[in-house]
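Student: The structure is given below, and queries will be raised subsequently.
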Amino acid sequence: MRIHRKQPTITRAVQAGFSLIELMIALLIGLLVVAAAGGVFISNKRVYNASETVNRIQEGIRVGFELMSRDIREAGGNPCSASAPVINQMTSGGNDWWANWGDGIRGYSGADAMPGTVAGMGVFGTGVGQRVAGTDAVEINSALGGGIRVVDHAQPSAVVQVTNQGDIQEDDILVICNMDYSFIFQVTALPSSNQIQHNSGTSLNCAQEFQYENPCTGTGASGAFGYCFVPGATPSAQCDGFGRGPAYVARVGSVRWYVGNNARGGRSLYRATISNRSNTNTPDTLHEVYEVVEGIEDLTVTYLEAGENTYTAPAGVADWGQVVAVRIRLDMVGTEGALTASEIQGTDGQVLGRTLTHVVQLRNREAVL
């Protein structure tokens, strides 16, 4: 008898998976998600770079405004009184920035050259530190540092007694003042540690005495009549006028602000200080030049005179001694620095820039805005 055994049924597991079309669709969706995420990242990076550039521009302009304002507020300042008349005891020299020192401030339009021929003084040129044509400039005159007290000048001689000479050097340009008068003169010698001499002759001084009624018309001879500074002393009979109040002497100088070429092929805001520190009778020595803010493309300065209600360009100023306020406009563009050229551009592909305006009142002018 044959026995039939039932064979076990063998089942194969059904293998499930994605078809090629499904894989392609999934890959496409993944690419779209990655592209969207990348686009958001790039957009955020552009926004960050633009914000960073704008912040740098605004910070640069703020620094420029702050430093310029400090100088402008002190225009015409001296250790005594800004309201006292300034009398220049010096004859006109070569690049005589000091000739109009009593005005305190003077502006130059984009077509006006500034006095002086030394690079960095604000003269037009293409070299590093030279002024860019078509941009305004401003010159501010004031005393440099604090004053040194006058002890005695009881007769109109060529020697002023002081407490000390400080850092004053021979041939420096100084101002001597009290509450009534201020005189600009050149140092001719330092006879002792507490004396300052201001002779005429080989110097730029037109006379050795301080002439306040008819400046630079005297003979310059010793003992000629002139103004005397006599704090606590008795004036001699040769004093044509005198002041008993406190008197001081101080070095004077000129500060110039302008847009110049920088060493990186762009433009920057520059500050130059001019004073006489080299024992020369042509007091136009360039003392210091600083590149203050990079990226300043243009500087526009307008001026308000006492009694007026509109700001005018330099050509419209009738009397620089009556300027009571200054309006500054700075145009600045983004600079690369830590960013690349493309990172300082806006959505239109142009370099980001800003224009801001700031108004400064001259502290040493009596007029009130």
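As shown in the structure tokens, the chain order sets the letters A, B, ...; within each chain, residues go from 1, and ligands are also counted from 1 in the order they appear.
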For region 263-278 of chain A, work out the shell of residues within 8 Å, counting only C-alpha atoms and skipping chain neighbours fewer than 5 positions away, then give it as a PyMOL selection string.
Tutor: chain A and resi 64+120-122+128-129+169+171-173+252-258+283-297
Student: Write out the residues from the selection above, keeping N, CA, C and O atoms, as a short mmCIF file (atom, residue, chain, number, x, y, z; two decimals), in the first residue's frame.
Tutor:
```
data_model
loop_
_atom_site.label_atom_id
_atom_site.label_comp_id
_atom_site.auth_asym_id
_atom_site.auth_seq_id
_atom_site.Cartn_x
_atom_site.Cartn_y
_atom_site.Cartn_z
N GLY A 64 32.34 110.66 12.64
CA GLY A 64 32.74 111.86 11.91
C GLY A 64 32.04 113.10 12.44
O GLY A 64 32.67 114.14 12.67
N GLY A 120 48.22 117.20 2.17
CA GLY A 120 47.63 116.94 3.47
C GLY A 120 47.05 118.18 4.11
O GLY A 120 46.31 118.09 5.07
N MET A 121 47.37 119.36 3.57
CA MET A 121 46.79 120.59 4.09
C MET A 121 45.37 120.80 3.60
O MET A 121 44.69 121.71 4.04
N GLY A 122 44.94 119.99 2.66
CA GLY A 122 43.62 120.17 2.08
C GLY A 122 43.68 120.65 0.65
O GLY A 122 42.67 121.03 0.08
N VAL A 128 47.54 110.23 -1.89
CA VAL A 128 46.95 109.83 -0.61
C VAL A 128 46.94 111.01 0.35
O VAL A 128 47.96 111.68 0.54
N GLY A 129 45.79 111.29 0.93
CA GLY A 129 45.66 112.39 1.87
C GLY A 129 45.34 113.72 1.23
O GLY A 129 45.05 114.69 1.95
N GLN A 169 57.74 127.14 21.74
CA GLN A 169 59.04 127.16 21.09
C GLN A 169 59.23 128.49 20.36
O GLN A 169 58.28 129.21 20.08
N ASP A 171 59.55 131.01 17.46
CA ASP A 171 58.85 131.16 16.19
C ASP A 171 57.42 130.62 16.22
O ASP A 171 56.74 130.63 15.19
N ASP A 172 56.96 130.14 17.37
CA ASP A 172 55.56 129.74 17.48
C ASP A 172 54.65 130.96 17.30
O ASP A 172 55.05 132.10 17.57
N ILE A 173 53.44 130.70 16.86
CA ILE A 173 52.42 131.75 16.78
C ILE A 173 51.56 131.63 18.03
O ILE A 173 51.01 130.56 18.31
N VAL A 252 48.43 128.94 18.98
CA VAL A 252 47.25 128.90 18.13
C VAL A 252 47.52 127.98 16.95
O VAL A 252 48.67 127.72 16.58
N GLY A 253 46.45 127.48 16.38
CA GLY A 253 46.59 126.58 15.25
C GLY A 253 45.32 126.54 14.44
O GLY A 253 44.32 127.18 14.76
N SER A 254 45.38 125.77 13.38
CA SER A 254 44.25 125.63 12.47
C SER A 254 43.98 124.15 12.25
O SER A 254 44.91 123.36 12.05
N VAL A 255 42.71 123.77 12.27
CA VAL A 255 42.29 122.40 11.99
C VAL A 255 41.46 122.40 10.72
O VAL A 255 40.56 123.23 10.56
N ARG A 256 41.78 121.49 9.81
CA ARG A 256 41.06 121.42 8.54
C ARG A 256 40.42 120.04 8.38
O ARG A 256 41.06 119.02 8.59
N TRP A 257 39.15 120.06 7.99
CA TRP A 257 38.40 118.84 7.71
C TRP A 257 38.07 118.81 6.22
O TRP A 257 37.58 119.80 5.66
N TYR A 258 38.32 117.67 5.59
CA TYR A 258 38.06 117.56 4.15
C TYR A 258 37.98 116.09 3.76
O TYR A 258 38.35 115.19 4.54
N PRO A 283 54.76 130.32 8.91
CA PRO A 283 54.08 129.41 9.85
C PRO A 283 52.96 128.61 9.21
O PRO A 283 51.78 128.82 9.44
N ASP A 284 53.33 127.67 8.36
CA ASP A 284 52.33 126.83 7.71
C ASP A 284 52.71 125.35 7.85
O ASP A 284 52.44 124.55 6.97
N THR A 285 53.38 125.01 8.94
CA THR A 285 53.85 123.65 9.12
C THR A 285 52.68 122.69 9.33
O THR A 285 51.83 122.91 10.18
N LEU A 286 52.65 121.61 8.54
CA LEU A 286 51.64 120.58 8.71
C LEU A 286 52.04 119.74 9.91
O LEU A 286 53.05 119.04 9.89
N HIS A 287 51.25 119.82 10.97
CA HIS A 287 51.62 119.18 12.22
C HIS A 287 51.17 117.72 12.26
O HIS A 287 51.95 116.82 12.56
N GLU A 288 49.91 117.46 11.95
CA GLU A 288 49.37 116.10 11.99
C GLU A 288 48.29 115.94 10.93
O GLU A 288 47.55 116.87 10.64
N VAL A 289 48.21 114.74 10.35
CA VAL A 289 47.13 114.39 9.42
C VAL A 289 46.58 113.03 9.81
O VAL A 289 47.35 112.08 9.97
N TYR A 290 45.27 112.95 9.99
CA TYR A 290 44.64 111.69 10.38
C TYR A 290 43.55 111.32 9.39
O TYR A 290 42.75 112.17 8.99
N GLU A 291 43.53 110.05 9.02
CA GLU A 291 42.38 109.51 8.29
C GLU A 291 41.36 109.09 9.35
O GLU A 291 41.61 108.19 10.14
N VAL A 292 40.22 109.75 9.37
CA VAL A 292 39.27 109.57 10.46
C VAL A 292 38.23 108.50 10.15
O VAL A 292 38.03 107.57 10.93
N VAL A 293 37.55 108.62 9.01
CA VAL A 293 36.48 107.68 8.66
C VAL A 293 36.63 107.29 7.19
O VAL A 293 36.65 108.16 6.31
N GLU A 294 36.71 106.00 6.93
CA GLU A 294 36.79 105.51 5.56
C GLU A 294 35.40 105.43 4.94
O GLU A 294 34.41 105.17 5.63
N GLY A 295 35.32 105.67 3.64
CA GLY A 295 34.06 105.52 2.93
C GLY A 295 33.27 106.81 2.78
O GLY A 295 32.18 106.79 2.19
N ILE A 296 33.78 107.94 3.28
CA ILE A 296 33.09 109.22 3.11
C ILE A 296 33.32 109.70 1.68
O ILE A 296 34.43 110.03 1.29
N GLU A 297 32.26 109.73 0.90
CA GLU A 297 32.36 110.11 -0.51
C GLU A 297 32.25 111.61 -0.72
O GLU A 297 32.84 112.16 -1.66
#
```
Student: I'd like the contact shell of region 233-236 of chain A - 10 Å cut-off, only C-alpha atoms, skipping same-chain residues fewer than 2 positions apart - returned as a list in words.
Tutor: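 Near region 233-236 of chain A, the qualifying residues are Val151, Asp152, His153, Ala154, Gln155, Pro156, Tyr227, Cys228, Phe229, Val230, Pro231, Gln238, Cys239, Asp240, Gly241, Phe242, Gly243 and Arg244 of chain A.
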Student: Output N, CA, C and O atoms for every residue in the selection just made, as an mmCIF file, in the first residue's frame.
Tutor:
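Saved as part-v7.cif:
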```cif
data_model
loop_
_atom_site.group_PDB
_atom_site.id
_atom_site.type_symbol
_atom_site.label_atom_id
_atom_site.label_comp_id
_atom_site.auth_asym_id
_atom_site.auth_seq_id
_atom_site.Cartn_x
_atom_site.Cartn_y
_atom_site.Cartn_z
ATOM 1 N N VAL A 151 52.311 137.057 34.055
ATOM 2 C CA VAL A 151 52.631 137.621 35.364
ATOM 3 C C VAL A 151 52.774 139.134 35.277
ATOM 4 O O VAL A 151 52.250 139.870 36.121
ATOM 5 N N ASP A 152 53.471 139.614 34.231
ATOM 6 C CA ASP A 152 53.719 141.054 34.144
ATOM 7 C C ASP A 152 54.047 141.449 32.711
ATOM 8 O O ASP A 152 54.768 140.753 31.996
ATOM 9 N N HIS A 153 53.470 142.565 32.299
ATOM 10 C CA HIS A 153 53.806 143.215 31.038
ATOM 11 C C HIS A 153 53.450 144.686 31.232
ATOM 12 O O HIS A 153 52.606 145.259 30.548
ATOM 13 N N ALA A 154 54.120 145.288 32.224
ATOM 14 C CA ALA A 154 53.739 146.616 32.715
ATOM 15 C C ALA A 154 54.137 147.741 31.782
ATOM 16 O O ALA A 154 53.748 148.887 32.000
ATOM 17 N N GLN A 155 54.928 147.454 30.769
ATOM 18 C CA GLN A 155 55.252 148.464 29.770
ATOM 19 C C GLN A 155 55.249 147.797 28.395
ATOM 20 O O GLN A 155 55.461 146.585 28.297
ATOM 21 N N PRO A 156 54.996 148.571 27.337
ATOM 22 C CA PRO A 156 54.851 147.973 26.001
ATOM 23 C C PRO A 156 56.185 147.553 25.397
ATOM 24 O O PRO A 156 56.585 148.023 24.330
ATOM 25 N N TYR A 227 49.514 148.585 24.062
ATOM 26 C CA TYR A 227 48.666 148.021 25.110
ATOM 27 C C TYR A 227 49.522 147.191 26.063
ATOM 28 O O TYR A 227 50.457 146.503 25.643
ATOM 29 N N CYS A 228 49.182 147.239 27.356
ATOM 30 C CA CYS A 228 49.930 146.501 28.375
ATOM 31 C C CYS A 228 49.001 145.561 29.142
ATOM 32 O O CYS A 228 47.845 145.900 29.420
ATOM 33 N N PHE A 229 49.531 144.385 29.474
ATOM 34 C CA PHE A 229 48.818 143.424 30.315
ATOM 35 C C PHE A 229 49.449 143.488 31.704
ATOM 36 O O PHE A 229 50.598 143.064 31.894
ATOM 37 N N VAL A 230 48.716 144.043 32.656
ATOM 38 C CA VAL A 230 49.301 144.298 33.979
ATOM 39 C C VAL A 230 48.423 143.718 35.088
ATOM 40 O O VAL A 230 47.859 144.450 35.906
ATOM 41 N N PRO A 231 48.278 142.401 35.148
ATOM 42 C CA PRO A 231 47.490 141.817 36.241
ATOM 43 C C PRO A 231 48.183 142.029 37.589
ATOM 44 O O PRO A 231 49.262 141.497 37.842
ATOM 45 N N GLN A 238 53.949 154.719 29.424
ATOM 46 C CA GLN A 238 53.989 154.438 27.993
ATOM 47 C C GLN A 238 52.874 153.490 27.544
ATOM 48 O O GLN A 238 52.747 153.230 26.356
ATOM 49 N N CYS A 239 52.109 152.985 28.482
ATOM 50 C CA CYS A 239 50.990 152.111 28.124
ATOM 51 C C CYS A 239 49.847 152.961 27.578
ATOM 52 O O CYS A 239 49.241 153.753 28.310
ATOM 53 N N ASP A 240 49.574 152.805 26.305
ATOM 54 C CA ASP A 240 48.496 153.547 25.672
ATOM 55 C C ASP A 240 47.139 153.036 26.141
ATOM 56 O O ASP A 240 46.135 153.724 26.056
ATOM 57 N N GLY A 241 47.118 151.828 26.612
ATOM 58 C CA GLY A 241 45.944 151.201 27.192
ATOM 59 C C GLY A 241 46.417 150.011 27.995
ATOM 60 O O GLY A 241 47.521 149.499 27.778
ATOM 61 N N PHE A 242 45.623 149.557 28.943
ATOM 62 C CA PHE A 242 46.066 148.430 29.759
ATOM 63 C C PHE A 242 44.856 147.713 30.344
ATOM 64 O O PHE A 242 43.750 148.251 30.426
ATOM 65 N N GLY A 243 45.100 146.471 30.755
ATOM 66 C CA GLY A 243 44.084 145.682 31.423
ATOM 67 C C GLY A 243 44.658 145.071 32.676
ATOM 68 O O GLY A 243 45.747 144.487 32.649
ATOM 69 N N ARG A 244 43.947 145.212 33.796
ATOM 70 C CA ARG A 244 44.430 144.686 35.072
ATOM 71 C C ARG A 244 43.929 143.271 35.357
ATOM 72 O O ARG A 244 44.375 142.637 36.310
#
```
Student: Go through region 154-189 of chain A and collect every residue that DSSP, computed from the backbone, puts in strand (DSSP E); the answer should be as an mmCIF file with all heavy atoms, in the first residue's frame.
Tutor:
```cif
data_model
loop_
_atom_site.group_PDB
_atom_site.id
_atom_site.type_symbol
_atom_site.label_atom_id
_atom_site.label_comp_id
_atom_site.auth_asym_id
_atom_site.auth_seq_id
_atom_site.Cartn_x
_atom_site.Cartn_y
_atom_site.Cartn_z
ATOM 1 N N VAL A 159 59.006 141.965 25.803
ATOM 2 C CA VAL A 159 59.101 140.813 26.695
ATOM 3 C C VAL A 159 57.848 140.720 27.559
ATOM 4 O O VAL A 159 57.412 141.711 28.152
ATOM 5 C CB VAL A 159 60.354 140.900 27.592
ATOM 6 C CG1 VAL A 159 60.381 139.733 28.575
ATOM 7 C CG2 VAL A 159 61.613 140.899 26.739
ATOM 8 N N VAL A 160 57.288 139.504 27.620
ATOM 9 C CA VAL A 160 56.141 139.220 28.477
ATOM 10 C C VAL A 160 56.595 138.239 29.548
ATOM 11 O O VAL A 160 57.186 137.193 29.235
ATOM 12 C CB VAL A 160 54.975 138.615 27.674
ATOM 13 C CG1 VAL A 160 53.813 138.262 28.595
ATOM 14 C CG2 VAL A 160 54.518 139.575 26.588
ATOM 15 N N GLN A 161 56.327 138.576 30.814
ATOM 16 C CA GLN A 161 56.664 137.684 31.920
ATOM 17 C C GLN A 161 55.510 136.699 32.130
ATOM 18 O O GLN A 161 54.350 137.103 32.230
ATOM 19 C CB GLN A 161 56.884 138.495 33.208
ATOM 20 C CG GLN A 161 57.976 139.549 33.127
ATOM 21 C CD GLN A 161 59.366 138.943 33.192
ATOM 22 O OE1 GLN A 161 59.541 137.806 33.635
ATOM 23 N NE2 GLN A 161 60.367 139.700 32.762
ATOM 24 N N VAL A 162 55.844 135.401 32.201
ATOM 25 C CA VAL A 162 54.828 134.360 32.376
ATOM 26 C C VAL A 162 55.239 133.430 33.512
ATOM 27 O O VAL A 162 56.389 133.466 33.975
ATOM 28 C CB VAL A 162 54.636 133.549 31.075
ATOM 29 C CG1 VAL A 162 54.013 134.402 29.987
ATOM 30 C CG2 VAL A 162 55.966 132.962 30.602
ATOM 31 N N ILE A 173 53.439 130.705 16.859
ATOM 32 C CA ILE A 173 52.421 131.750 16.780
ATOM 33 C C ILE A 173 51.555 131.632 18.028
ATOM 34 O O ILE A 173 51.011 130.564 18.314
ATOM 35 C CB ILE A 173 51.552 131.606 15.519
ATOM 36 C CG1 ILE A 173 52.440 131.473 14.283
ATOM 37 C CG2 ILE A 173 50.608 132.791 15.382
ATOM 38 C CD1 ILE A 173 53.357 132.641 14.056
ATOM 39 N N LEU A 174 51.429 132.737 18.783
ATOM 40 C CA LEU A 174 50.700 132.724 20.046
ATOM 41 C C LEU A 174 49.585 133.755 20.035
ATOM 42 O O LEU A 174 49.560 134.679 19.216
ATOM 43 C CB LEU A 174 51.635 133.038 21.223
ATOM 44 C CG LEU A 174 52.882 132.178 21.434
ATOM 45 C CD1 LEU A 174 53.580 132.592 22.725
ATOM 46 C CD2 LEU A 174 52.543 130.701 21.465
ATOM 47 N N VAL A 175 48.669 133.584 20.976
ATOM 48 C CA VAL A 175 47.677 134.602 21.284
ATOM 49 C C VAL A 175 47.889 135.010 22.738
ATOM 50 O O VAL A 175 48.112 134.164 23.603
ATOM 51 C CB VAL A 175 46.232 134.086 21.065
ATOM 52 C CG1 VAL A 175 45.935 132.854 21.904
ATOM 53 C CG2 VAL A 175 45.222 135.193 21.359
ATOM 54 N N ILE A 176 47.893 136.315 22.995
ATOM 55 C CA ILE A 176 47.912 136.838 24.355
ATOM 56 C C ILE A 176 46.597 137.582 24.542
ATOM 57 O O ILE A 176 46.163 138.334 23.658
ATOM 58 C CB ILE A 176 49.126 137.762 24.610
ATOM 59 C CG1 ILE A 176 49.119 138.242 26.067
ATOM 60 C CG2 ILE A 176 49.183 138.921 23.625
ATOM 61 C CD1 ILE A 176 50.405 138.955 26.476
ATOM 62 N N CYS A 177 45.929 137.358 25.670
ATOM 63 C CA CYS A 177 44.575 137.890 25.793
ATOM 64 C C CYS A 177 44.196 138.146 27.244
ATOM 65 O O CYS A 177 44.799 137.615 28.182
ATOM 66 C CB CYS A 177 43.571 136.914 25.176
ATOM 67 S SG CYS A 177 43.527 135.297 26.003
ATOM 68 N N SER A 182 42.547 140.511 22.417
ATOM 69 C CA SER A 182 43.385 139.360 22.069
ATOM 70 C C SER A 182 44.321 139.792 20.947
ATOM 71 O O SER A 182 43.881 140.425 19.977
ATOM 72 C CB SER A 182 42.532 138.179 21.602
ATOM 73 O OG SER A 182 41.659 137.740 22.617
ATOM 74 N N PHE A 183 45.609 139.452 21.071
ATOM 75 C CA PHE A 183 46.605 139.814 20.061
ATOM 76 C C PHE A 183 47.293 138.544 19.556
ATOM 77 O O PHE A 183 47.678 137.680 20.351
ATOM 78 C CB PHE A 183 47.663 140.759 20.643
ATOM 79 C CG PHE A 183 47.137 142.098 21.059
ATOM 80 C CD1 PHE A 183 46.649 142.298 22.344
ATOM 81 C CD2 PHE A 183 47.128 143.164 20.170
ATOM 82 C CE1 PHE A 183 46.163 143.534 22.744
ATOM 83 C CE2 PHE A 183 46.644 144.408 20.559
ATOM 84 C CZ PHE A 183 46.151 144.595 21.843
ATOM 85 N N ILE A 184 47.473 138.453 18.230
ATOM 86 C CA ILE A 184 48.209 137.358 17.617
ATOM 87 C C ILE A 184 49.620 137.846 17.313
ATOM 88 O O ILE A 184 49.803 138.904 16.699
ATOM 89 C CB ILE A 184 47.533 136.896 16.307
ATOM 90 C CG1 ILE A 184 46.084 136.486 16.570
ATOM 91 C CG2 ILE A 184 48.311 135.742 15.685
ATOM 92 C CD1 ILE A 184 45.931 135.279 17.442
ATOM 93 N N PHE A 185 50.633 137.089 17.746
ATOM 94 C CA PHE A 185 52.016 137.494 17.504
ATOM 95 C C PHE A 185 52.903 136.268 17.373
ATOM 96 O O PHE A 185 52.492 135.141 17.671
ATOM 97 C CB PHE A 185 52.525 138.398 18.638
ATOM 98 C CG PHE A 185 52.696 137.691 19.961
ATOM 99 C CD1 PHE A 185 53.936 137.192 20.347
ATOM 100 C CD2 PHE A 185 51.619 137.527 20.828
ATOM 101 C CE1 PHE A 185 54.102 136.542 21.561
ATOM 102 C CE2 PHE A 185 51.774 136.879 22.042
ATOM 103 C CZ PHE A 185 53.017 136.383 22.411
ATOM 104 N N GLN A 186 54.147 136.496 16.948
ATOM 105 C CA GLN A 186 55.117 135.418 16.788
ATOM 106 C C GLN A 186 56.215 135.539 17.833
ATOM 107 O O GLN A 186 56.718 136.633 18.106
ATOM 108 C CB GLN A 186 55.737 135.453 15.390
ATOM 109 C CG GLN A 186 56.667 134.273 15.110
ATOM 110 C CD GLN A 186 57.200 134.282 13.690
ATOM 111 O OE1 GLN A 186 57.384 135.338 13.098
ATOM 112 N NE2 GLN A 186 57.446 133.111 13.143
#
```
Student: If we count only C-alpha atoms and set the cut-off at 6 Å, which residues sit around region 81-93 of chain A, ignoring sequence neighbours fewer than 3 positions away in its own chain? Please answer as a list in words.
Tutor: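 Answer for this query is Gly77, Asp96, Gly102, Met179, Asp180, Tyr181, Ser182, Phe183, Ile184, Phe185, Leu204, Asn205, Cys206 and Asn364 of chain A.
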Student: Skip Asp136 (chain A) itself and residues of its chain fewer than 3 positions away, then list as a list in words all residues within 9 Å of it, counting only C-alpha atoms.
Tutor: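 Returned residues: Gly107, Tyr108, Ser109, Gly110, Ala111, Asp112, Val132, Ala133, Trp257, Tyr258, Val259, Asp298, Leu299, Thr300 and Val301 of chain A.
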Student: Between CA of Gly147 (chain A) and CA of Asn199 (chain A), what is the distance in Å, rounded to a tenth?
Tutor: 21.0 Å
Student: Between CA of Ala250 (chain A) and CA of Pro191 (chain A), what distance in Å does the model show, to one decimal?
Tutor: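 Going from CA of Ala250 (chain A) over to CA of Pro191 (chain A), I get 17.6 Å.
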Student: Just asking: which residues within region 6-169 of chain A are alpha helix (DSSP H) according to DSSP, as a PyMOL selection string?
Tutor: chain A and resi 20-73
